[in-house]
Amino acid sequence: MEQLLVPMMCKIDKVIQETPDIRTYRLKFKEEGLMEKFDYKPGQFVELSLLGAGECTFCISSSVTRKGYFDCSIKRAGNVTSDIHNSLEEGDEVGIRGPFGNWFPLEELKGKNLLIVGGGIGLAPLRSLIQYCIDNRNDYKDFTILYGSRTSADLCYKEETKEWQDNKSLNVILTIDKAEETWTSNVGVVPKILEEVVKPVIENTKVITCGPPIMIKYTIQSLKKLGFADKDIITTLEMKMQCGLGKCGRCNIGSTYVCKDGPVFTNEQLKNLPDEF
Amino acid sequence: MNVEIFVTDKAGLQKFYEAIIAKNETYAPVEKFGKFDFKHVSSLSECDPDSPIEKTMSAKPLFFPRSAKILKYTADSSGTTVKETDEDPLAGKRVILGMKHCDARGLQVLDKVYNWDYIDSDYQKRRQNTVVISTRCDKAGTHCFCTSLDYDVQNLDAMDVLIVKGQDGKIFIKARTEKGEDFLKSNPIDSANSKQHPASEEEMKKQYDAFAASFRLKMNYKEINENLSKIFDTPEFENVSSNCIGCNTCAFICPTCHCFKISDEKIKDSGVRYKCYDSCNNGYFTLMAGGHNPRPAKYRRWRQRAMHKFVYYKERFGENLCVGCGRCTISCPVNISIFEVVNQVAKSEK
């Protein structure tokens, strides 16, 4: 076990300041040949460590279809993430273990309309899926992305969302919670915009959502109201983890190991878990 | 398996133990301040393989150490160098004397979680390289309830050699596994005092019956499994957990608790990463960066503990995550008994 807990070192290729408190760290494995072998799927996560500060769980926010690197988008939230923000620069090193966990049901999504609903840093795991689906665009039908945050400054991946907006094969809707002078797009929380602006087609559509717990809760309520079935609503759970290997017991919800059986679950599966949230 | 049962007496057993200790890397219960913990021993006088269950720590740390080094690292201008730690001190061939039956059961339960999906190779190596010699208790401790759980105390595969103290000073020694058989071949029992006895099996059974009759606590585990799985929302969890001070002693001494945390220790530009025991009773166990905690209240953490032991682990791996050793109850500073907790909650209305 102890060997499975030893990370591989990565060099930070680039640091992108996404919002005042979110940075994307673009990483490359130090050891030759490892980057090419690093195979992962959208929705999987890694254990990232800043040696001396600790190890934390982050989803991979890029897609394996973009070669030569992978991204972790990190929000300043606790001790380790603060240390990461305070001390890490381009050229520095971090440890990586993974990839771990399950992934979005890529096969099941084929031939379906995709509706991606994200809030705040919750866009990170969805970005991996979005990039993957853009790179395999012909496999999917209508592709809608709804993304919201508290303020316009808190919107993540600003450059990339512009590219998505310019992409004719995508329907991208951005929203912020409260009106701002320079903001010309939608104003209102994600579930409200979902019901009033997006008005999604239910037939043959899969919804993939991630965001703060409170947003997920109300988004699922709205989706149910719109008529989506539980099995067509897919989300990815946030739970404290440490080993990522189904051993340390931290991420248990009932008999489910979020790190092994998840983090991706359908609402149907979530309903069968004990109500710990 | 039709295995020879050796019959000896107290002196023969002593000689057997002495020979084992002289010849093998041996661990046995060693007394300190009235409590016994499994330590490396080099003579029989240092230890007591017949230590009473109520005063003996579990042998779990010999397989899952209280803290284990994962790595050492040094950082300088050329980058970070990660070194895996030195050889595992518990991985070599060794013998454990005086392990309790409930601890053997604990190993069987732990095998399930360590051997699914990712295999814990360190744990597995420690298991494979260890010969477990276990003496059956004479009578039940005040808080013991091993005989009323989902296993047969007489048939435990994690025990390589079984020792039973029968009547009239007779002592029965029997190999239970192939590893145990091989061990007895290379560590023979003093032949002057040993002979095969046709009625041995019966006498061992008799000892078991007397032992089983000495239990104060009896539990209907099936009823507990079933009832607990239905009453997640019962307020009774608040009542049973209200005294808990969150010291986590119960988890640290439990033969089956296996939650751990990973923590770093840093000294200037170098440091060590450890894997250490942790417990779901810790308030910070599920606390996430940013402040969200799915189990902020004590009763929720106790619910997790009770349900993991009697519902979740059973669902996932088919076994109760409790061996009925009663150690958590003996050591609890506020007298919370897992036996009472699950019985009381199982009886409550939703």
# chains A, B, ... in the order shown; residues from 1 in each chain; ligands from 1
call {"tool": "interface_residues", "arguments": {"of": "chain A", "to": "chain B", "cutoff": "10 Å", "atoms": "only C-alpha atoms", "output": "PyMOL selection string"}}
result
chain A and resi 1-11+49-56+75-82+91-95+213+238-257+260+274-277
call {"tool": "select_by_dssp", "arguments": {"residues": "stretch 105-235 of chain B", "states": "helix (DSSP H, G or I)", "output": "number ranges by chain"}}
result
B: 105-114, 121-128, 146-148, 167-169, 178-186, 191-193, 200-213, 221-228
call {"tool": "closest_residue", "arguments": {"among": "A:Tyr140, A:Lys199, A:Glu180, A:Gly118", "to": "A:Pro212", "atoms": "only C-alpha atoms"}}
result
A:Gly118
call {"tool": "select_by_dssp", "arguments": {"residues": "stretch 75-297 of chain B", "states": "strand (DSSP E)", "output": "ChimeraX atom specification"}}
result
/B:75-76,79-84,94-99,130-135,161-165,171-175,195-196,260-267,270-277
call {"tool": "write_last_selection", "arguments": {"atoms": "C-alpha atoms", "output": "mmCIF file, in the first residue's frame"}}
result
data_model
loop_
_atom_site.group_PDB
_atom_site.id
_atom_site.type_symbol
_atom_site.label_atom_id
_atom_site.label_comp_id
_atom_site.auth_asym_id
_atom_site.auth_seq_id
_atom_site.Cartn_x
_atom_site.Cartn_y
_atom_site.Cartn_z
ATOM 1 C CA ALA B 75 13.912 19.636 -2.235
ATOM 2 C CA ASP B 76 16.680 21.839 -3.596
ATOM 3 C CA GLY B 79 14.032 19.909 -7.947
ATOM 4 C CA THR B 80 12.382 17.506 -5.569
ATOM 5 C CA THR B 81 13.714 14.034 -4.920
ATOM 6 C CA VAL B 82 11.290 11.468 -3.566
ATOM 7 C CA LYS B 83 12.684 8.391 -1.874
ATOM 8 C CA GLU B 84 10.602 5.407 -0.983
ATOM 9 C CA ARG B 94 7.711 -14.153 11.903
ATOM 10 C CA VAL B 95 5.513 -15.869 14.459
ATOM 11 C CA ILE B 96 2.849 -14.349 16.677
ATOM 12 C CA LEU B 97 2.188 -16.098 19.969
ATOM 13 C CA GLY B 98 -0.867 -15.550 22.100
ATOM 14 C CA MET B 99 -2.986 -13.845 19.490
ATOM 15 C CA THR B 130 3.298 -14.549 9.600
ATOM 16 C CA VAL B 131 2.441 -17.737 11.449
ATOM 17 C CA VAL B 132 -0.415 -16.999 13.820
ATOM 18 C CA ILE B 133 -0.566 -19.095 16.971
ATOM 19 C CA SER B 134 -3.737 -18.495 18.886
ATOM 20 C CA THR B 135 -4.830 -19.777 22.268
ATOM 21 C CA VAL B 161 -1.968 -23.100 14.952
ATOM 22 C CA LEU B 162 -4.697 -23.467 17.546
ATOM 23 C CA ILE B 163 -4.022 -24.117 21.216
ATOM 24 C CA VAL B 164 -6.808 -25.219 23.547
ATOM 25 C CA LYS B 165 -6.435 -25.758 27.263
ATOM 26 C CA ILE B 171 -3.256 -28.952 26.316
ATOM 27 C CA PHE B 172 -4.238 -29.581 22.713
ATOM 28 C CA ILE B 173 -2.240 -28.181 19.810
ATOM 29 C CA LYS B 174 -3.523 -28.395 16.284
ATOM 30 C CA ALA B 175 -2.416 -27.000 12.942
ATOM 31 C CA LYS B 195 0.831 -38.114 21.852
ATOM 32 C CA GLN B 196 -2.108 -38.422 19.579
ATOM 33 C CA PHE B 260 -6.221 6.112 7.930
ATOM 34 C CA LYS B 261 -4.974 9.538 7.053
ATOM 35 C CA ILE B 262 -1.968 10.745 5.164
ATOM 36 C CA SER B 263 0.046 13.523 6.738
ATOM 37 C CA ASP B 264 3.249 15.364 6.050
ATOM 38 C CA GLU B 265 5.978 16.412 8.418
ATOM 39 C CA LYS B 266 8.313 19.064 7.105
ATOM 40 C CA ILE B 267 11.680 20.163 8.384
ATOM 41 C CA SER B 270 13.024 17.892 3.533
ATOM 42 C CA GLY B 271 10.265 15.892 5.080
ATOM 43 C CA VAL B 272 8.425 12.654 5.614
ATOM 44 C CA ARG B 273 4.945 11.573 4.621
ATOM 45 C CA TYR B 274 3.144 9.189 6.963
ATOM 46 C CA LYS B 275 0.108 6.993 6.853
ATOM 47 C CA CYS B 276 -1.504 7.023 10.337
ATOM 48 C CA TYR B 277 -4.627 5.728 12.027
#
call {"tool": "residues_around", "arguments": {"residues": "A:Thr65", "least_positions_apart": "2", "cutoff": "10 Å", "atoms": "only C-alpha atoms", "output": "list in words"}}
result
Asp39, Tyr40, Lys41, Ser62, Ser63, Lys67, Gly68, Ser128, Gln131, Tyr132, Cys133, Ile134, Asp135 and Asn136 of chain A
call {"tool": "write_last_selection", "arguments": {"atoms": "C-alpha atoms", "output": "mmCIF file, in the first residue's frame"}}
result
data_model
loop_
_atom_site.group_PDB
_atom_site.id
_atom_site.type_symbol
_atom_site.label_atom_id
_atom_site.label_comp_id
_atom_site.auth_asym_id
_atom_site.auth_seq_id
_atom_site.Cartn_x
_atom_site.Cartn_y
_atom_site.Cartn_z
ATOM 1 C CA ASP A 39 -4.360 7.797 -19.877
ATOM 2 C CA TYR A 40 -7.441 9.200 -18.235
ATOM 3 C CA LYS A 41 -11.096 9.853 -18.934
ATOM 4 C CA SER A 62 -8.435 18.913 -19.284
ATOM 5 C CA SER A 63 -9.104 16.137 -21.779
ATOM 6 C CA LYS A 67 -1.862 15.841 -25.731
ATOM 7 C CA GLY A 68 1.298 16.527 -23.796
ATOM 8 C CA SER A 128 -12.672 17.827 -19.318
ATOM 9 C CA GLN A 131 -13.088 19.327 -24.467
ATOM 10 C CA TYR A 132 -13.414 15.595 -25.025
ATOM 11 C CA CYS A 133 -16.802 15.965 -26.708
ATOM 12 C CA ILE A 134 -15.679 18.920 -28.835
ATOM 13 C CA ASP A 135 -12.769 16.780 -30.039
ATOM 14 C CA ASN A 136 -15.235 13.983 -30.870
#
call {"tool": "atom_distance", "arguments": {"atom1": "atom CA of B:Lys222", "atom2": "atom CA of B:Ala346"}}
result
10.8 Å
call {"tool": "residues_around", "arguments": {"residues": "B:Tyr208", "least_positions_apart": "4", "cutoff": "8 Å", "atoms": "only C-alpha atoms", "output": "PyMOL selection string"}}
result
chain B and resi 154+204+212
call {"tool": "closest_residue", "arguments": {"among": "B:Asp150, B:Glu238, B:Glu54, B:Asp160", "to": "B:Tyr299", "atoms": "only C-alpha atoms"}}
result
B:Glu238
call {"tool": "closest_residue", "arguments": {"among": "B:Ser214, B:Gln167, B:Ser200, B:Ser331", "to": "B:Cys247", "atoms": "only C-alpha atoms"}}
result
B:Ser331
call {"tool": "atom_distance", "arguments": {"atom1": "atom CA of B:Pro29", "atom2": "atom CA of B:Thr56"}}
result
7.2 Å
call {"tool": "atom_distance", "arguments": {"atom1": "atom CA of A:Asn102", "atom2": "atom CA of A:Val258"}}
result
9.1 Å
call {"tool": "residues_around", "arguments": {"residues": "stretch 119-126 of chain A", "least_positions_apart": "3", "cutoff": "7 Å", "atoms": "only C-alpha atoms", "output": "list in words"}}
result
Pro42, Gly43, Cys59, Ile60, Ser61, Ser73, Leu129, Ile130, Tyr147, Gly148, Ser149, Asp154, Leu155, Cys156, Cys210, Gly211 and Pro212 of chain A
call {"tool": "write_last_selection", "arguments": {"atoms": "N, CA and C atoms", "output": "mmCIF file, in the first residue's frame"}}
result
data_model
loop_
_atom_site.group_PDB
_atom_site.id
_atom_site.type_symbol
_atom_site.label_atom_id
_atom_site.label_comp_id
_atom_site.auth_asym_id
_atom_site.auth_seq_id
_atom_site.Cartn_x
_atom_site.Cartn_y
_atom_site.Cartn_z
ATOM 1 N N PRO A 42 -12.613 11.765 -18.924
ATOM 2 C CA PRO A 42 -13.262 12.927 -18.298
ATOM 3 C C PRO A 42 -14.042 12.503 -17.056
ATOM 4 N N GLY A 43 -13.806 13.194 -15.951
ATOM 5 C CA GLY A 43 -14.505 12.887 -14.700
ATOM 6 C C GLY A 43 -13.588 12.251 -13.679
ATOM 7 N N CYS A 59 -10.046 17.120 -9.529
ATOM 8 C CA CYS A 59 -10.407 16.493 -10.794
ATOM 9 C C CYS A 59 -9.428 16.977 -11.851
ATOM 10 N N ILE A 60 -9.297 16.196 -12.907
ATOM 11 C CA ILE A 60 -8.471 16.647 -14.028
ATOM 12 C C ILE A 60 -9.384 17.512 -14.891
ATOM 13 N N SER A 61 -8.961 18.747 -15.178
ATOM 14 C CA SER A 61 -9.884 19.656 -15.861
ATOM 15 C C SER A 61 -9.596 19.761 -17.352
ATOM 16 N N SER A 73 -7.444 22.543 -11.971
ATOM 17 C CA SER A 73 -7.862 23.889 -11.611
ATOM 18 C C SER A 73 -8.145 23.905 -10.121
ATOM 19 N N LEU A 129 -14.863 17.010 -19.908
ATOM 20 C CA LEU A 129 -15.862 16.365 -20.759
ATOM 21 C C LEU A 129 -16.153 17.213 -21.996
ATOM 22 N N ILE A 130 -16.263 18.539 -21.802
ATOM 23 C CA ILE A 130 -16.573 19.436 -22.918
ATOM 24 C C ILE A 130 -15.470 19.342 -23.976
ATOM 25 N N TYR A 147 -23.458 27.871 -17.978
ATOM 26 C CA TYR A 147 -22.458 28.060 -16.933
ATOM 27 C C TYR A 147 -22.708 29.370 -16.190
ATOM 28 N N GLY A 148 -22.725 29.292 -14.879
ATOM 29 C CA GLY A 148 -22.965 30.489 -14.088
ATOM 30 C C GLY A 148 -22.005 30.628 -12.929
ATOM 31 N N SER A 149 -21.855 31.856 -12.449
ATOM 32 C CA SER A 149 -21.087 32.080 -11.225
ATOM 33 C C SER A 149 -21.658 33.302 -10.515
ATOM 34 N N ASP A 154 -15.841 35.898 -11.357
ATOM 35 C CA ASP A 154 -15.705 34.518 -10.892
ATOM 36 C C ASP A 154 -15.916 33.476 -11.981
ATOM 37 N N LEU A 155 -16.200 33.906 -13.189
ATOM 38 C CA LEU A 155 -16.358 32.936 -14.284
ATOM 39 C C LEU A 155 -14.991 32.367 -14.642
ATOM 40 N N CYS A 156 -14.928 31.049 -14.652
ATOM 41 C CA CYS A 156 -13.668 30.354 -14.904
ATOM 42 C C CYS A 156 -13.439 30.187 -16.410
ATOM 43 N N CYS A 210 -22.433 19.946 -12.438
ATOM 44 C CA CYS A 210 -21.526 20.011 -11.293
ATOM 45 C C CYS A 210 -21.432 21.457 -10.827
ATOM 46 N N GLY A 211 -21.335 21.625 -9.525
ATOM 47 C CA GLY A 211 -21.242 22.974 -8.960
ATOM 48 C C GLY A 211 -21.278 22.883 -7.463
ATOM 49 N N PRO A 212 -21.479 24.017 -6.784
ATOM 50 C CA PRO A 212 -21.596 23.957 -5.331
ATOM 51 C C PRO A 212 -22.820 23.112 -4.945
#
call {"tool": "decode", "arguments": {"residues": "stretch 4-40 of chain A", "atoms": "N, CA and C atoms", "output": "mmCIF file, in the first residue's frame"}}
result
data_model
loop_
_atom_site.group_PDB
_atom_site.id
_atom_site.type_symbol
_atom_site.label_atom_id
_atom_site.label_comp_id
_atom_site.auth_asym_id
_atom_site.auth_seq_id
_atom_site.Cartn_x
_atom_site.Cartn_y
_atom_site.Cartn_z
ATOM 1 N N LEU A 4 1.810 2.351 -3.286
ATOM 2 C CA LEU A 4 0.728 2.945 -4.060
ATOM 3 C C LEU A 4 0.479 4.391 -3.638
ATOM 4 N N LEU A 5 0.998 4.752 -2.480
ATOM 5 C CA LEU A 5 0.773 6.100 -1.971
ATOM 6 C C LEU A 5 1.919 7.052 -2.322
ATOM 7 N N VAL A 6 2.923 6.539 -3.032
ATOM 8 C CA VAL A 6 4.044 7.398 -3.428
ATOM 9 C C VAL A 6 3.705 8.084 -4.753
ATOM 10 N N PRO A 7 3.747 9.416 -4.783
ATOM 11 C CA PRO A 7 3.380 10.113 -6.020
ATOM 12 C C PRO A 7 4.509 10.184 -7.034
ATOM 13 N N MET A 8 4.152 10.435 -8.286
ATOM 14 C CA MET A 8 5.128 10.708 -9.343
ATOM 15 C C MET A 8 5.251 12.225 -9.460
ATOM 16 N N MET A 9 6.476 12.696 -9.695
ATOM 17 C CA MET A 9 6.649 14.147 -9.715
ATOM 18 C C MET A 9 6.291 14.746 -11.083
ATOM 19 N N CYS A 10 5.653 15.928 -11.010
ATOM 20 C CA CYS A 10 5.272 16.671 -12.214
ATOM 21 C C CYS A 10 5.854 18.071 -12.148
ATOM 22 N N LYS A 11 6.180 18.629 -13.302
ATOM 23 C CA LYS A 11 6.628 20.015 -13.362
ATOM 24 C C LYS A 11 5.454 20.898 -13.781
ATOM 25 N N ILE A 12 5.379 22.066 -13.169
ATOM 26 C CA ILE A 12 4.317 23.003 -13.552
ATOM 27 C C ILE A 12 4.768 23.762 -14.785
ATOM 28 N N ASP A 13 4.016 23.538 -15.869
ATOM 29 C CA ASP A 13 4.382 24.112 -17.155
ATOM 30 C C ASP A 13 3.875 25.546 -17.260
ATOM 31 N N LYS A 14 2.718 25.781 -16.651
ATOM 32 C CA LYS A 14 2.069 27.071 -16.814
ATOM 33 C C LYS A 14 1.086 27.262 -15.661
ATOM 34 N N VAL A 15 0.960 28.499 -15.195
ATOM 35 C CA VAL A 15 -0.066 28.806 -14.194
ATOM 36 C C VAL A 15 -0.995 29.847 -14.802
ATOM 37 N N ILE A 16 -2.271 29.529 -14.832
ATOM 38 C CA ILE A 16 -3.242 30.465 -15.421
ATOM 39 C C ILE A 16 -4.162 30.974 -14.324
ATOM 40 N N GLN A 17 -4.171 32.274 -14.127
ATOM 41 C CA GLN A 17 -5.059 32.869 -13.116
ATOM 42 C C GLN A 17 -6.441 32.975 -13.748
ATOM 43 N N GLU A 18 -7.363 32.105 -13.324
ATOM 44 C CA GLU A 18 -8.689 32.067 -13.946
ATOM 45 C C GLU A 18 -9.608 33.122 -13.349
ATOM 46 N N THR A 19 -9.644 33.168 -12.027
ATOM 47 C CA THR A 19 -10.478 34.127 -11.300
ATOM 48 C C THR A 19 -9.615 34.586 -10.125
ATOM 49 N N PRO A 20 -10.111 35.536 -9.318
ATOM 50 C CA PRO A 20 -9.278 35.964 -8.187
ATOM 51 C C PRO A 20 -8.835 34.793 -7.292
ATOM 52 N N ASP A 21 -9.649 33.743 -7.160
ATOM 53 C CA ASP A 21 -9.226 32.656 -6.272
ATOM 54 C C ASP A 21 -9.103 31.285 -6.945
ATOM 55 N N ILE A 22 -9.121 31.241 -8.258
ATOM 56 C CA ILE A 22 -8.924 29.955 -8.962
ATOM 57 C C ILE A 22 -7.757 30.071 -9.934
ATOM 58 N N ARG A 23 -6.863 29.090 -9.856
ATOM 59 C CA ARG A 23 -5.767 29.033 -10.814
ATOM 60 C C ARG A 23 -5.742 27.661 -11.457
ATOM 61 N N THR A 24 -5.423 27.632 -12.747
ATOM 62 C CA THR A 24 -5.226 26.351 -13.424
ATOM 63 C C THR A 24 -3.738 26.088 -13.519
ATOM 64 N N TYR A 25 -3.335 24.897 -13.063
ATOM 65 C CA TYR A 25 -1.935 24.498 -13.132
ATOM 66 C C TYR A 25 -1.800 23.474 -14.251
ATOM 67 N N ARG A 26 -1.002 23.831 -15.260
ATOM 68 C CA ARG A 26 -0.778 22.903 -16.372
ATOM 69 C C ARG A 26 0.442 22.048 -16.026
ATOM 70 N N LEU A 27 0.276 20.728 -16.014
ATOM 71 C CA LEU A 27 1.318 19.847 -15.474
ATOM 72 C C LEU A 27 1.865 18.874 -16.517
ATOM 73 N N LYS A 28 3.143 18.569 -16.348
ATOM 74 C CA LYS A 28 3.792 17.548 -17.198
ATOM 75 C C LYS A 28 4.621 16.648 -16.300
ATOM 76 N N PHE A 29 4.563 15.351 -16.538
ATOM 77 C CA PHE A 29 5.366 14.430 -15.732
ATOM 78 C C PHE A 29 6.847 14.647 -16.012
ATOM 79 N N LYS A 30 7.647 14.561 -14.931
ATOM 80 C CA LYS A 30 9.081 14.780 -15.067
ATOM 81 C C LYS A 30 9.740 13.603 -15.767
ATOM 82 N N GLU A 31 9.293 12.402 -15.357
ATOM 83 C CA GLU A 31 9.914 11.199 -15.896
ATOM 84 C C GLU A 31 9.545 11.030 -17.365
ATOM 85 N N GLU A 32 10.542 10.724 -18.168
ATOM 86 C CA GLU A 32 10.301 10.622 -19.597
ATOM 87 C C GLU A 32 9.351 9.476 -19.936
ATOM 88 N N GLY A 33 8.465 9.725 -20.879
ATOM 89 C CA GLY A 33 7.567 8.677 -21.349
ATOM 90 C C GLY A 33 6.307 8.520 -20.519
ATOM 91 N N LEU A 34 6.309 9.110 -19.339
ATOM 92 C CA LEU A 34 5.164 8.928 -18.437
ATOM 93 C C LEU A 34 3.945 9.714 -18.922
ATOM 94 N N MET A 35 4.205 10.902 -19.473
ATOM 95 C CA MET A 35 3.100 11.753 -19.930
ATOM 96 C C MET A 35 2.308 11.044 -21.030
ATOM 97 N N GLU A 36 3.024 10.386 -21.927
ATOM 98 C CA GLU A 36 2.354 9.700 -23.036
ATOM 99 C C GLU A 36 1.517 8.536 -22.528
ATOM 100 N N LYS A 37 1.990 7.921 -21.443
ATOM 101 C CA LYS A 37 1.285 6.752 -20.905
ATOM 102 C C LYS A 37 0.122 7.139 -20.006
ATOM 103 N N PHE A 38 0.071 8.420 -19.612
ATOM 104 C CA PHE A 38 -0.941 8.859 -18.648
ATOM 105 C C PHE A 38 -2.297 8.947 -19.353
ATOM 106 N N ASP A 39 -3.079 7.892 -19.188
ATOM 107 C CA ASP A 39 -4.360 7.797 -19.877
ATOM 108 C C ASP A 39 -5.469 8.029 -18.870
ATOM 109 N N TYR A 40 -6.349 8.936 -19.172
ATOM 110 C CA TYR A 40 -7.441 9.200 -18.235
ATOM 111 C C TYR A 40 -8.701 9.570 -18.999
#
